[in-house]
Structure formats: C-alpha cells, structure tokens
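Below is data-v5.cif, which holds mmCIF, C-alpha atoms.
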```cif
data_data
loop_
_atom_site.label_atom_id
_atom_site.label_comp_id
_atom_site.auth_asym_id
_atom_site.auth_seq_id
_atom_site.Cartn_x
_atom_site.Cartn_y
_atom_site.Cartn_z
CA MET A 1 -13.50 -21.05 17.53
CA THR A 2 -12.76 -17.35 17.09
CA SER A 3 -10.32 -16.62 14.29
CA PRO A 4 -7.08 -14.88 15.34
CA ASN A 5 -7.43 -12.65 12.27
CA PRO A 6 -11.07 -12.32 11.14
CA MET A 7 -10.11 -9.67 8.59
CA LEU A 8 -7.80 -12.15 6.88
CA ASP A 9 -10.65 -14.65 6.72
CA ARG A 10 -12.78 -12.08 4.91
CA ILE A 11 -9.97 -11.28 2.49
CA LEU A 12 -9.33 -14.95 1.71
CA ALA A 13 -13.00 -15.36 0.81
CA VAL A 14 -12.82 -12.78 -2.00
CA LEU A 15 -9.38 -13.67 -3.38
CA PRO A 16 -10.56 -16.01 -6.15
CA GLU A 17 -12.72 -13.27 -7.64
CA ILE A 18 -9.95 -10.70 -7.36
CA ALA A 19 -7.43 -13.09 -8.92
CA SER A 20 -9.81 -13.66 -11.82
CA ARG A 21 -9.50 -9.97 -12.70
CA ALA A 22 -5.70 -9.69 -12.52
CA ASP A 23 -5.42 -9.45 -16.32
CA GLN A 24 -8.24 -6.91 -16.40
CA ALA A 25 -6.38 -4.75 -13.88
CA GLU A 26 -3.29 -4.81 -16.11
CA GLN A 27 -5.26 -3.95 -19.24
CA GLU A 28 -7.17 -1.10 -17.58
CA ARG A 29 -4.02 0.08 -15.76
CA LYS A 30 -5.97 0.53 -12.55
CA VAL A 31 -7.77 -1.51 -9.93
CA PRO A 32 -11.13 -2.68 -11.30
CA GLU A 33 -14.14 -1.09 -9.64
CA GLU A 34 -15.39 -4.55 -8.71
CA ASN A 35 -12.23 -5.19 -6.66
CA ILE A 36 -12.65 -1.93 -4.77
CA ARG A 37 -16.28 -2.81 -4.03
CA LEU A 38 -15.37 -6.28 -2.79
CA LEU A 39 -12.54 -5.06 -0.59
CA LYS A 40 -14.61 -2.28 0.93
CA GLN A 41 -17.24 -4.87 1.80
CA THR A 42 -14.60 -6.64 3.91
CA GLY A 43 -13.91 -3.38 5.77
CA LEU A 44 -10.17 -3.49 5.08
CA HIS A 45 -10.16 0.20 4.09
CA ARG A 46 -11.04 0.97 7.72
CA ALA A 47 -8.05 -0.96 9.12
CA PHE A 48 -6.16 2.13 10.33
CA GLN A 49 -9.03 4.58 10.58
CA PRO A 50 -9.70 5.91 14.10
CA ARG A 51 -12.53 4.16 15.93
CA HIS A 52 -14.03 7.60 16.48
CA TYR A 53 -15.12 7.51 12.82
CA GLY A 54 -16.06 3.85 12.75
CA GLY A 55 -12.58 2.52 12.02
CA LEU A 56 -11.17 -0.81 13.15
CA GLU A 57 -7.66 0.10 14.40
CA ILE A 58 -6.35 -3.41 13.74
CA THR A 59 -2.71 -4.22 14.42
CA LEU A 60 0.00 -3.95 11.81
CA PRO A 61 0.67 -7.73 11.77
CA GLU A 62 -3.03 -8.43 11.13
CA PHE A 63 -3.12 -5.88 8.31
CA ALA A 64 0.14 -7.01 6.73
CA GLN A 65 -1.06 -10.62 6.54
CA CYS A 66 -4.11 -9.41 4.61
CA VAL A 67 -1.91 -7.53 2.16
CA VAL A 68 0.35 -10.57 1.67
CA ALA A 69 -2.67 -12.67 0.74
CA LEU A 70 -4.11 -9.99 -1.53
CA ALA A 71 -0.81 -9.55 -3.37
CA GLY A 72 -0.80 -13.20 -4.33
CA ALA A 73 -4.07 -12.66 -6.16
CA CYS A 74 -3.30 -9.31 -7.82
CA GLY A 75 -0.21 -7.24 -7.03
CA GLY A 76 -1.60 -4.02 -8.53
CA THR A 77 -4.78 -4.26 -6.48
CA ALA A 78 -2.77 -4.94 -3.32
CA TRP A 79 -0.43 -2.01 -3.99
CA ALA A 80 -3.17 0.55 -4.54
CA PHE A 81 -5.61 -0.64 -1.90
CA SER A 82 -3.01 -1.08 0.81
CA LEU A 83 -1.97 2.53 0.34
CA LEU A 84 -5.59 3.71 0.50
CA CYS A 85 -5.66 1.91 3.86
CA THR A 86 -2.36 3.10 5.31
CA HIS A 87 -3.03 6.72 4.37
CA SER A 88 -5.79 6.68 6.98
CA HIS A 89 -3.12 6.17 9.62
CA GLN A 90 -1.31 9.22 8.26
CA LEU A 91 -4.50 11.29 8.20
CA ALA A 92 -5.03 10.44 11.87
CA MET A 93 -1.83 12.39 12.59
CA PHE A 94 -3.40 15.57 11.18
CA SER A 95 -5.67 17.98 13.03
CA LYS A 96 -9.08 16.89 14.29
CA GLN A 97 -10.60 19.46 11.94
CA LEU A 98 -8.96 17.81 8.94
CA GLN A 99 -10.16 14.39 10.06
CA ASP A 100 -13.68 15.76 10.39
CA ASP A 101 -13.37 17.15 6.85
CA VAL A 102 -12.39 13.74 5.49
CA TRP A 103 -14.56 11.34 7.50
CA GLY A 104 -17.28 13.52 9.01
CA ALA A 105 -19.65 13.26 6.05
CA ASP A 106 -18.25 10.04 4.56
CA PRO A 107 -16.69 7.52 6.98
CA ASP A 108 -15.73 5.34 3.98
CA ALA A 109 -13.57 8.06 2.41
CA THR A 110 -10.00 7.18 1.43
CA ALA A 111 -6.97 9.12 0.23
CA SER A 112 -4.26 8.47 -2.33
CA SER A 113 -0.96 10.32 -2.19
CA SER A 114 1.98 11.83 -4.01
CA ILE A 115 4.26 12.78 -1.17
CA ALA A 116 7.58 13.62 -2.83
CA PRO A 117 8.02 17.38 -2.21
CA PHE A 118 7.44 18.46 -5.81
CA GLY A 119 4.56 20.82 -5.11
CA ARG A 120 4.93 24.56 -5.72
CA THR A 121 3.30 26.77 -3.14
CA GLU A 122 2.53 30.39 -2.41
CA GLU A 123 1.88 31.53 1.15
CA VAL A 124 -1.47 33.29 1.50
CA ASP A 125 -3.68 34.33 4.37
CA GLY A 126 -4.88 31.24 6.20
CA GLY A 127 -2.87 28.67 4.25
CA ILE A 128 -1.20 28.13 0.88
CA LEU A 129 -1.92 27.99 -2.83
CA PHE A 130 -0.69 24.62 -4.12
CA SER A 131 0.28 23.84 -7.71
CA GLY A 132 2.03 20.90 -9.28
CA GLU A 133 2.08 17.74 -11.32
CA MET A 134 2.13 15.10 -8.60
CA GLY A 135 2.99 11.67 -9.95
CA TRP A 136 2.82 8.07 -8.73
CA SER A 137 -0.54 8.49 -6.96
CA SER A 138 -1.51 4.83 -6.65
CA GLY A 139 -5.23 4.13 -6.49
CA CYS A 140 -6.11 7.76 -7.18
CA ASP A 141 -9.10 6.79 -9.36
CA HIS A 142 -10.77 5.39 -6.25
CA ALA A 143 -9.77 8.03 -3.68
CA ASP A 144 -11.78 10.93 -2.31
CA TRP A 145 -8.77 12.94 -1.12
CA ALA A 146 -5.06 13.23 -1.88
CA ILE A 147 -2.04 13.79 0.35
CA VAL A 148 0.58 15.81 -1.55
CA GLY A 149 4.12 16.85 -0.63
CA PHE A 150 5.90 20.18 -0.74
CA ASN A 151 8.62 22.19 0.97
CA ARG A 152 7.74 25.15 3.12
CA PHE A 153 10.26 27.76 4.21
CA LYS A 154 10.55 29.47 7.57
CA ASP A 155 11.46 33.13 7.93
CA ASP A 156 15.12 32.18 8.41
CA GLY A 157 15.10 30.17 5.18
CA GLU A 158 14.95 26.73 6.79
CA LYS A 159 13.25 24.19 4.55
CA VAL A 160 10.44 22.16 6.11
CA TYR A 161 9.09 19.09 4.31
CA CYS A 162 5.29 19.15 4.58
CA PHE A 163 2.11 17.45 3.46
CA ALA A 164 -1.13 19.04 2.30
CA VAL A 165 -4.48 17.26 2.04
CA VAL A 166 -6.80 18.22 -0.81
CA PRO A 167 -10.28 16.99 -1.81
CA ARG A 168 -10.96 15.24 -5.12
CA LYS A 169 -12.80 18.26 -6.54
CA ASP A 170 -9.60 20.34 -6.37
CA TYR A 171 -7.45 18.26 -8.75
CA THR A 172 -7.65 16.36 -12.01
CA ILE A 173 -6.05 13.03 -12.87
CA ARG A 174 -3.78 12.64 -15.88
CA ASP A 175 -4.05 9.12 -17.29
CA ASP A 176 -0.34 8.47 -17.80
CA TRP A 177 0.28 5.20 -15.95
CA TYR A 178 2.07 3.09 -18.56
CA ALA A 179 4.48 0.99 -16.55
CA MET A 180 6.31 -2.33 -16.74
CA GLY A 181 5.28 -3.47 -13.25
CA MET A 182 2.27 -2.98 -10.99
CA ARG A 183 0.25 -1.98 -14.03
CA GLY A 184 -2.97 -2.46 -12.11
CA SER A 185 -2.07 0.05 -9.40
CA GLY A 186 -3.25 3.04 -11.44
CA SER A 187 -0.41 5.21 -10.14
CA LYS A 188 -1.32 8.25 -12.21
CA THR A 189 -0.47 11.96 -11.96
CA LEU A 190 -2.53 14.53 -10.04
CA LEU A 191 -2.74 18.02 -11.54
CA LEU A 192 -3.26 20.97 -9.19
CA ASP A 193 -3.33 24.64 -10.11
CA LYS A 194 -3.32 27.22 -7.31
CA VAL A 195 -5.49 25.12 -5.02
CA PHE A 196 -6.13 26.80 -1.70
CA VAL A 197 -5.19 24.54 1.23
CA PRO A 198 -6.17 25.88 4.68
CA GLU A 199 -3.67 25.64 7.50
CA HIS A 200 -5.53 22.85 9.31
CA ARG A 201 -4.95 20.57 6.31
CA ILE A 202 -1.16 21.01 6.42
CA GLN A 203 1.33 19.07 8.54
CA ALA A 204 5.12 18.92 8.74
CA ALA A 205 6.54 15.45 8.01
CA LYS A 206 9.16 15.71 10.76
CA ASP A 207 6.46 16.41 13.34
CA MET A 208 4.61 13.29 12.17
CA MET A 209 7.78 11.25 12.71
CA GLU A 210 8.57 12.68 16.16
CA GLY A 211 5.22 12.75 17.94
CA ARG A 212 4.56 16.48 17.58
CA SER A 213 1.85 16.55 14.91
CA ALA A 214 -1.55 18.14 15.48
CA GLY A 215 -3.23 14.75 15.76
CA PHE A 216 -0.74 13.12 18.08
CA GLY A 217 -2.44 12.13 21.34
CA LEU A 218 -5.99 12.52 20.04
CA TYR A 219 -6.67 8.85 20.69
CA PRO A 220 -4.99 7.97 24.00
CA ASP A 221 -6.61 4.53 24.19
CA SER A 222 -5.47 3.48 20.73
CA GLN A 223 -2.69 0.93 20.26
CA ILE A 224 -1.73 2.01 16.73
CA PHE A 225 -1.45 5.79 16.75
CA TYR A 226 1.37 6.21 19.27
CA THR A 227 3.87 5.79 16.46
CA PRO A 228 5.45 7.64 13.53
CA TYR A 229 3.43 7.68 10.31
CA ARG A 230 6.10 6.34 7.95
CA PRO A 231 6.39 2.69 9.12
CA TYR A 232 2.63 2.28 8.66
CA PHE A 233 2.59 4.16 5.35
CA ALA A 234 5.34 1.90 3.97
CA SER A 235 4.22 -1.39 5.52
CA GLY A 236 2.50 -2.63 2.40
CA PHE A 237 5.52 -2.61 0.09
CA ALA A 238 7.31 -5.52 1.77
CA ALA A 239 4.04 -7.36 2.41
CA ILE A 240 3.26 -7.20 -1.30
CA SER A 241 6.73 -8.42 -2.20
CA LEU A 242 6.25 -11.40 0.11
CA GLY A 243 2.79 -12.16 -1.28
CA VAL A 244 4.07 -12.05 -4.86
CA ALA A 245 7.02 -14.32 -4.00
CA GLU A 246 4.82 -16.84 -2.17
CA ARG A 247 2.47 -16.97 -5.15
CA MET A 248 5.49 -17.42 -7.46
CA LEU A 249 6.45 -20.55 -5.54
CA GLU A 250 2.98 -22.00 -6.05
CA ALA A 251 2.62 -20.89 -9.67
CA PHE A 252 6.04 -22.25 -10.57
CA LYS A 253 5.13 -25.63 -9.09
CA GLU A 254 1.81 -25.66 -10.94
CA LYS A 255 3.29 -24.77 -14.31
CA THR A 256 6.48 -26.83 -14.01
CA ARG A 257 5.04 -30.05 -12.63
CA ASN A 258 3.94 -31.35 -16.04
CA ARG A 259 6.16 -29.23 -18.26
CA VAL A 260 8.27 -31.08 -20.83
CA ARG A 261 11.05 -29.81 -23.03
CA ALA A 262 9.77 -29.22 -26.55
CA TYR A 263 12.67 -30.88 -28.35
CA THR A 264 13.47 -33.79 -26.04
CA GLY A 265 10.29 -34.47 -24.08
CA ALA A 266 12.25 -34.43 -20.81
CA GLN A 267 10.23 -33.80 -17.62
CA VAL A 268 11.39 -30.35 -16.48
CA GLY A 269 9.61 -30.45 -13.13
CA MET A 270 11.40 -33.60 -12.06
CA ALA A 271 14.87 -32.42 -13.14
CA THR A 272 17.41 -31.80 -10.38
CA PRO A 273 18.14 -28.13 -11.30
CA ALA A 274 14.44 -27.19 -11.06
CA LEU A 275 14.08 -28.99 -7.74
CA MET A 276 17.16 -27.26 -6.32
CA ARG A 277 16.00 -23.81 -7.45
CA LEU A 278 12.55 -24.38 -6.00
CA ALA A 279 14.07 -25.56 -2.72
CA GLU A 280 16.36 -22.54 -2.36
CA SER A 281 13.64 -20.05 -3.25
CA THR A 282 11.31 -21.74 -0.76
CA HIS A 283 13.90 -21.32 1.98
CA GLN A 284 14.55 -17.71 0.99
CA VAL A 285 10.87 -16.73 0.94
CA GLY A 286 10.33 -18.48 4.26
CA ALA A 287 13.21 -16.52 5.75
CA ALA A 288 11.76 -13.28 4.40
CA ARG A 289 8.38 -14.07 5.96
CA ALA A 290 9.93 -14.84 9.36
CA PHE A 291 11.98 -11.64 9.26
CA LEU A 292 8.98 -9.52 8.30
CA GLU A 293 6.68 -11.09 10.87
CA LYS A 294 9.21 -10.39 13.61
CA THR A 295 9.51 -6.77 12.44
CA TRP A 296 5.74 -6.26 12.20
CA GLU A 297 5.29 -7.72 15.66
CA ASP A 298 7.86 -5.25 16.99
CA HIS A 299 5.70 -2.45 15.56
CA ARG A 300 2.69 -3.86 17.40
CA VAL A 301 4.51 -4.21 20.70
CA HIS A 302 5.80 -0.65 20.58
CA GLY A 303 2.33 0.73 19.80
CA ALA A 304 0.58 -1.30 22.49
CA ALA A 305 3.15 -0.25 25.09
CA LYS A 306 3.07 3.37 23.87
CA GLN A 307 6.82 3.15 23.50
CA TYR A 308 7.97 5.58 20.83
CA PRO A 309 10.65 3.99 18.61
CA THR A 310 14.22 5.22 18.78
CA GLN A 311 16.20 6.18 15.70
CA ALA A 312 17.93 2.80 15.86
CA THR A 313 14.58 1.01 15.96
CA LEU A 314 13.19 3.02 13.05
CA THR A 315 16.33 2.22 11.07
CA ALA A 316 15.91 -1.48 11.79
CA TRP A 317 12.23 -1.48 10.83
CA ARG A 318 12.85 0.16 7.50
CA THR A 319 15.98 -1.71 6.49
CA ASN A 320 14.62 -5.08 7.66
CA GLN A 321 11.71 -4.67 5.27
CA ALA A 322 13.97 -3.60 2.42
CA TYR A 323 16.20 -6.63 2.94
CA ALA A 324 13.17 -8.92 2.95
CA VAL A 325 12.10 -7.38 -0.37
CA LYS A 326 15.58 -8.06 -1.74
CA MET A 327 15.28 -11.71 -0.71
CA CYS A 328 11.84 -12.04 -2.26
CA ILE A 329 13.00 -10.59 -5.59
CA GLU A 330 15.98 -12.94 -5.66
CA ALA A 331 13.69 -15.90 -4.99
CA VAL A 332 11.36 -14.89 -7.81
CA ASP A 333 14.24 -14.32 -10.25
CA ARG A 334 15.72 -17.73 -9.49
CA LEU A 335 12.50 -19.42 -10.61
CA PHE A 336 11.55 -17.16 -13.49
CA SER A 337 14.95 -17.59 -15.14
CA VAL A 338 14.16 -21.31 -15.72
CA ALA A 339 10.43 -20.99 -16.38
CA GLY A 340 10.87 -21.33 -20.13
CA ALA A 341 10.14 -19.15 -23.12
CA SER A 342 6.35 -19.37 -22.73
CA ALA A 343 6.62 -17.52 -19.41
CA TRP A 344 7.56 -14.37 -21.34
CA PHE A 345 4.20 -14.08 -23.11
CA ASP A 346 1.84 -11.33 -22.03
CA GLY A 347 -0.87 -12.83 -19.89
CA ASN A 348 1.37 -15.49 -18.37
CA GLU A 349 1.10 -15.27 -14.58
CA LEU A 350 4.78 -15.96 -14.02
CA GLN A 351 5.72 -12.95 -16.13
CA ARG A 352 3.34 -10.69 -14.22
CA LEU A 353 4.72 -11.91 -10.90
CA PHE A 354 8.28 -11.32 -12.11
CA ARG A 355 7.49 -7.74 -13.16
CA ASP A 356 5.50 -6.92 -10.04
CA SER A 357 8.21 -8.38 -7.82
CA HIS A 358 10.81 -6.01 -9.20
CA MET A 359 8.51 -3.04 -8.73
CA THR A 360 8.32 -3.77 -5.00
CA GLY A 361 12.06 -3.05 -4.79
CA ALA A 362 11.88 0.12 -6.89
CA HIS A 363 10.17 2.31 -4.29
CA ALA A 364 12.36 4.82 -2.48
CA TYR A 365 11.53 3.16 0.85
CA THR A 366 12.63 -0.32 -0.26
CA ASP A 367 15.71 0.62 -2.32
CA TYR A 368 18.24 -1.62 -0.61
CA ASP A 369 21.28 0.33 -1.83
CA VAL A 370 19.93 3.27 0.15
CA CYS A 371 18.82 1.17 3.11
CA ALA A 372 22.17 -0.58 3.44
CA GLN A 373 23.89 2.80 3.73
CA ILE A 374 21.31 3.97 6.30
CA LEU A 375 21.84 0.87 8.42
CA GLY A 376 25.61 0.97 8.06
CA ARG A 377 25.74 4.55 9.34
CA GLU A 378 23.51 3.65 12.28
CA ILE A 379 25.65 0.62 13.18
CA MET A 380 28.80 2.75 13.13
CA GLY A 381 27.24 5.52 15.22
CA LEU A 382 27.28 8.09 12.42
CA GLU A 383 24.66 10.80 12.03
CA PRO A 384 21.94 10.04 9.48
CA ASP A 385 22.67 11.30 5.97
CA PRO A 386 19.89 13.81 5.10
CA THR A 387 20.22 12.95 1.40
CA MET A 388 18.86 9.47 2.17
CA ILE A 389 15.24 9.61 3.23
#
```
Once you've parsed the file, please lay out its structure as structure tokens.
Amino acid sequence: MTSPNPMLDRILAVLPEIASRADQAEQERKVPEENIRLLKQTGLHRAFQPRHYGGLEITLPEFAQCVVALAGACGGTAWAFSLLCTHSHQLAMFSKQLQDDVWGADPDATASSSIAPFGRTEEVDGGILFSGEMGWSSGCDHADWAIVGFNRFKDDGEKVYCFAVVPRKDYTIRDDWYAMGMRGSGSKTLLLDKVFVPEHRIQAAKDMMEGRSAGFGLYPDSQIFYTPYRPYFASGFAAISLGVAERMLEAFKEKTRNRVRAYTGAQVGMATPALMRLAESTHQVGAARAFLEKTWEDHRVHGAAKQYPTQATLTAWRTNQAYAVKMCIEAVDRLFSVAGASAWFDGNELQRLFRDSHMTGAHAYTDYDVCAQILGREIMGLEPDPTMI
C-alpha cells in the first residue's frame, strides 16, 4: 500500500539516530553535521524547492507533519532544518536569475536567514552595498546562502521593507548563540561589510505577500507557489511546538510511571493530581493538533485552487498557529511543574522540552499578545496596525 506521506516515513526512520544526538546538539549549540547528512538523505530539504531544480513541491500538511515528528526527537534540529527548507519557498518568489544562482550549480543548496530589517545599505549602480550584524540566523553553519532584511527608500522617502540574498563567501558567522532554549538551532549572527548585492537578488517583502514578486507565476502548474511567502516561512514554528508538546506527553509518562517520592515512597505516577494533569495536557495538545491540521489543510486547498488568501484568511492562518503554540506551551508547563526536582538537571529531557517549548512562543510570528491584537482588529473591521508585523 502506498503511504499517504512517504516523506514522513523517511523521517521516522532516522528519528532514533537524531534523538540520540539531542544532547550533542545542545552542547555544540548547532545541529550536528550527522543530522544534516541524514536529513538531506531523506530529501526533506527539497520539500519546497521548485521541481525545475529537482525539488519535490510537497504540500504544507505533509511537510508540517515531518517537522512535528522531527521536533519530538530534537527541537533545535527541527527549528534549523525546517527553516532551511521553508526558505526555498521564499527563494522561489525571487527572480529566475537568482534561483539559477542558488540552485543552478548546486541543486542541494539551502539558505538561512536574518530577515528583520537591520541591514544598512548604500545604493550603487546595479544594486546595493549591504552591511550589518544580522542575528538569529538559525542553521547558518549548514547554509550556502543567506536571506537578509533591510529597508530601502523610494525617491519620495517611502520606506520599503526588502530582502537581499547573499552567498556564503560574502559573510562571516559570529559564534554567539548562547541561549536558554533551542540551543541546537545554531542561530548565530551573520557579519556583512559592504557586500555588493545585484538587483536581481533583491525583492520587496510586500510584493512577496501580494503576488507581485519577480518569481510569482514562474511555475503555473505548481500547487504551492501561488501563495504569499510568509505562511510557508513561518509554518515550522507551530509544528515544532506541537512536536515538543507531544513528546512531553510521552516523556512525562515514561519518567513518572515508576517515580516515587523520595521521603514517603508514594507512587507519583498513580496519584490523582498527576493523572489529572496528564489528562488535561493530552486534551490540550490534541486540540492544538486538530486546529493546526485544519489550518495547514486550508493552506493546501488555497494553493491547489490557486486562490490567493484574503487579509482575513492570512490573519486567521497566523493567529491560529500562534494560539496553538500557546496551548502547547501551557500543556508542557502543566506537566513540567510536577515533574520533580530531578527534571531541572541539565541533560534531563523534560527540562530540554520545557525550554524549547517556550522558545517556540518567543518568535515574533508566534507572540500571542501581538497575534491577539491582530485578530481583534480584523474581527472588528479595523485597519491593520503597521507596528504589528
């Protein structure tokens, strides 16, 4: 029988080996080379690459299920590698010339990113000179290119949020990723000093959200590129949160089943409070999964029908994912708070899951305080607040 998600089958086969290196990823503060090699052998890095370059163009639900599974084995690996994958969808929105630059000589090439508009630029003939210290570039040690953000200004002074794509030879990596959560993601800082970026490697973010980018329409038969870049770029964050929470349920059961209280010998796993907490967290994580799967399927349907999402739909997609992350974090917290003192030791899986869970809600895209305001304004028919991206 043909599997409904053959990519997931390939990911599941390598999870035990990836899970065995979760502590190594934390200690090295980046994804181990062996994990990258294994995952590239599955072909997951080609998930959102155009078929023209040998990519797979799988659906968002298929991809997200792979990320969920991967996150249960190693959150840092899932965070970094999922972004290396989703950046290919973003690159497919750039010019054909840029895509040839990236994948023409190396179809396996991937890109990391640092897209907050912190870059400093100077307009020159044929492009820009880009400088900056671009932080939070997850998986950068394993990327061949980087997507970096900056603001460009029109003649009338209007500010235009843009992205530039630069090759690995044009920047250095500062090893400064010392973080509480997602330690294995290797989200280090890229250093650029007056790097020339030609015009064909530059794209306005707004155009990539509204179907006006240079690459829009290049692949008319595709079912994944008739869509804004951001929902695909951000899809991994909620998937990782779900994967971490689902693993927390299993790890809590494993570690609590035979746990006894040191001073009384009481069976913790059979106590009513532990059972009630596990039950509620199980319900909450199940609700988060159902909500996310419905949202991811809506992405797929829109892409297949070549129906561009409305502002209301985009708002729902983003805020649905942020709310699911909120539920997952709450479910993890409920269990970790009664996991006992030993759970706080470095190297304890429950502690790592707790830390990684909270990092999934710290990204600008999944900040629920921001998302609740965005959704509230949309519900009340108010114009979007430009201070809330």
Using all atoms listed in the file, which residues of range 250-327 of chain A come within 9 Å of range 59-67 of chain A, and what is the closest atom pair for each, with the distance in Å to one decimal? Give it as a tab-separated table, sorted by chain and residue number.
```
residue	atom	partner	partner_atom	distance
A:Glu293	CA	A:Pro61	CA	6.9
A:Thr295	CA	A:Pro61	CA	8.9
A:Trp296	CA	A:Pro61	CA	5.3
A:Glu297	CA	A:Pro61	CA	6.0
A:His299	CA	A:Leu60	CA	7.0
A:Arg300	CA	A:Thr59	CA	6.2
A:Gly303	CA	A:Thr59	CA	8.9
```
Checklist line | For His142 in chain A, the nearest of the candidates A:Ser114, A:Pro107, A:Gln90, A:Leu83, counting only C-alpha atoms | finding: A:Leu83
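Of the listed residues (A:Gly347, A:Gly184, A:Pro309, A:Pro386), A:Pro309 comes nearest to Pro231 in chain A; the distances count only C-alpha atoms.
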Checklist line | Phe233 in chain A environment, 10 Å, only C-alpha atoms, sequence neighbours closer than 4 positions dropped, as a list of chain:residue names | finding: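 The residues satisfying every condition are A:Ser82, A:Leu83, A:Leu84, A:Cys85, A:Thr86, A:His87, A:Ser88, A:His89, A:Gln90, A:Pro228, A:Tyr229, A:Phe237.
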Next item on the list: Take CA of Gly381 in chain A and CA of Leu314 in chain A and report the distance between them in Å, one decimal.
Entry: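 Between CA of Gly381 in chain A and CA of Leu314 in chain A the gap is 14.4 Å.
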Next item on the list: Could you tell me which residues the PyMOL selection byres ((chain A and resi 339) around 12) grabs in this file, written as JSON, numbers by chain?
Entry: {"A": [248, 249, 251, 252, 253, 254, 255, 256, 257, 259, 260, 261, 268, 269, 273, 274, 277, 278, 332, 333, 334, 335, 336, 337, 338, 340, 341, 342, 343, 344, 345, 348, 349, 350, 351, 354]}
Check: Could you spell out the hits of the PyMOL selection byres ((chain A and resi 149-166) around 8) on the shown file, as a list in words?
Finding: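 Output of the PyMOL selection byres ((chain A and resi 149-166) around 8): Ser114, Ile115, Ala116, Pro117, Phe118, Gly119, Arg120, Thr121, Trp145, Ala146, Ile147, Val148, Pro167, Arg168, Asp170, Tyr171, Val197, Arg201, Ile202, Gln203, Ala204, Ala205 and Lys206 of chain A.
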Item checked: CA of Ala245 in chain A to CA of Gly376 in chain A, straight-line distance in Å ->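 Rounded to one decimal, the two atoms are 26.9 Å apart.
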Note to self: What does the structure give for the distance between CA of Arg289 in chain A and CA of Leu242 in chain A, in Å to one decimal?
What the structure shows: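 The value is 6.8 Å.
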Next item on the list: Would you translate the PyMOL selection byres ((chain A and resi 11) around 12) into the concrete set of residues it matches in this file, as JSON, numbers by chain?
Entry: {"A": [5, 6, 7, 8, 9, 10, 12, 13, 14, 15, 16, 17, 18, 19, 35, 38, 39, 40, 41, 42, 43, 44, 45, 62, 63, 64, 65, 66, 67, 68, 69, 70, 71, 72, 73, 78]}
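Using all atoms listed in the file, the smallest distance between any of A:Lys194, A:Glu280, A:Lys169, A:Ala111 and Glu133 in chain A comes from A:Lys194.
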Note to self: Which residues are close to Thr360 in chain A, i.e. within 10 Å by all atoms listed in the file, leaving aside same-chain residues fewer than 4 positions away? Reply as a PyMOL selection string.
What the structure shows: chain A and resi 75+79+181-182+236-242+244+322+325-326+328-329+355-356+364-367
Notebook entry, point to check: Looking at A:Asp298, A:Phe94, A:Ala331, A:Pro4, which one is nearest to Met208 in chain A, with distances taken over only C-alpha atoms?
Noted result: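 Closest residue, counting only C-alpha atoms: A:Phe94.
Minimum atom-to-atom distances from A:Cys140, A:His200, A:Ser20, A:Ser3 to Asp100 in chain A were compared using all atoms listed in the file, and the lowest value belongs to A:His200.
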Next item on the list: Around the point (-4.7, 22.0, -8.8) in the file's coordinates, collect all residues with an atom within 9 Å, using all atoms listed in the file, and return them as a PyMOL selection string.
Entry: chain A and resi 129-133+170-172+190-196
Any chance you could build range 185-190 of chain A out to all heavy atoms and write it as a PDB file, keeping the file's coordinate frame?
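Once written, selection01.pdb looks like this:
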```
ATOM      1  N   SER A 185      -2.004  -0.863 -10.552  1.00  0.00           N
ATOM      2  CA  SER A 185      -2.070   0.050  -9.400  1.00  0.00           C
ATOM      3  C   SER A 185      -2.643   1.416  -9.748  1.00  0.00           C
ATOM      4  O   SER A 185      -3.022   2.175  -8.857  1.00  0.00           O
ATOM      5  CB  SER A 185      -0.673   0.229  -8.787  1.00  0.00           C
ATOM      6  OG  SER A 185       0.184   0.929  -9.673  1.00  0.00           O
ATOM      7  N   GLY A 186      -2.688   1.753 -11.043  1.00  0.00           N
ATOM      8  CA  GLY A 186      -3.250   3.040 -11.440  1.00  0.00           C
ATOM      9  C   GLY A 186      -2.528   4.227 -10.838  1.00  0.00           C
ATOM     10  O   GLY A 186      -3.162   5.201 -10.412  1.00  0.00           O
ATOM     11  N   SER A 187      -1.203   4.169 -10.817  1.00  0.00           N
ATOM     12  CA  SER A 187      -0.410   5.210 -10.140  1.00  0.00           C
ATOM     13  C   SER A 187      -0.216   6.425 -11.049  1.00  0.00           C
ATOM     14  O   SER A 187       0.887   6.722 -11.508  1.00  0.00           O
ATOM     15  CB  SER A 187       0.937   4.633  -9.699  1.00  0.00           C
ATOM     16  OG  SER A 187       0.743   3.506  -8.875  1.00  0.00           O
ATOM     17  N   LYS A 188      -1.281   7.155 -11.244  1.00  0.00           N
ATOM     18  CA  LYS A 188      -1.320   8.250 -12.210  1.00  0.00           C
ATOM     19  C   LYS A 188      -0.869   9.582 -11.592  1.00  0.00           C
ATOM     20  O   LYS A 188      -0.469   9.639 -10.432  1.00  0.00           O
ATOM     21  CB  LYS A 188      -2.734   8.358 -12.782  1.00  0.00           C
ATOM     22  CG  LYS A 188      -3.201   7.070 -13.452  1.00  0.00           C
ATOM     23  CD  LYS A 188      -4.663   7.109 -13.837  1.00  0.00           C
ATOM     24  CE  LYS A 188      -5.107   5.776 -14.431  1.00  0.00           C
ATOM     25  NZ  LYS A 188      -6.556   5.777 -14.750  1.00  0.00           N
ATOM     26  N   THR A 189      -0.940  10.637 -12.376  1.00  0.00           N
ATOM     27  CA  THR A 189      -0.470  11.960 -11.960  1.00  0.00           C
ATOM     28  C   THR A 189      -1.640  12.870 -11.612  1.00  0.00           C
ATOM     29  O   THR A 189      -2.622  12.954 -12.370  1.00  0.00           O
ATOM     30  CB  THR A 189       0.373  12.604 -13.073  1.00  0.00           C
ATOM     31  OG1 THR A 189       1.515  11.780 -13.331  1.00  0.00           O
ATOM     32  CG2 THR A 189       0.848  14.001 -12.674  1.00  0.00           C
ATOM     33  N   LEU A 190      -1.524  13.561 -10.472  1.00  0.00           N
ATOM     34  CA  LEU A 190      -2.530  14.530 -10.040  1.00  0.00           C
ATOM     35  C   LEU A 190      -2.105  15.924 -10.492  1.00  0.00           C
ATOM     36  O   LEU A 190      -0.946  16.313 -10.314  1.00  0.00           O
ATOM     37  CB  LEU A 190      -2.680  14.508  -8.520  1.00  0.00           C
ATOM     38  CG  LEU A 190      -2.849  13.139  -7.861  1.00  0.00           C
ATOM     39  CD1 LEU A 190      -3.007  13.292  -6.347  1.00  0.00           C
ATOM     40  CD2 LEU A 190      -4.025  12.383  -8.456  1.00  0.00           C
TER      41      LEU A 190
END
```
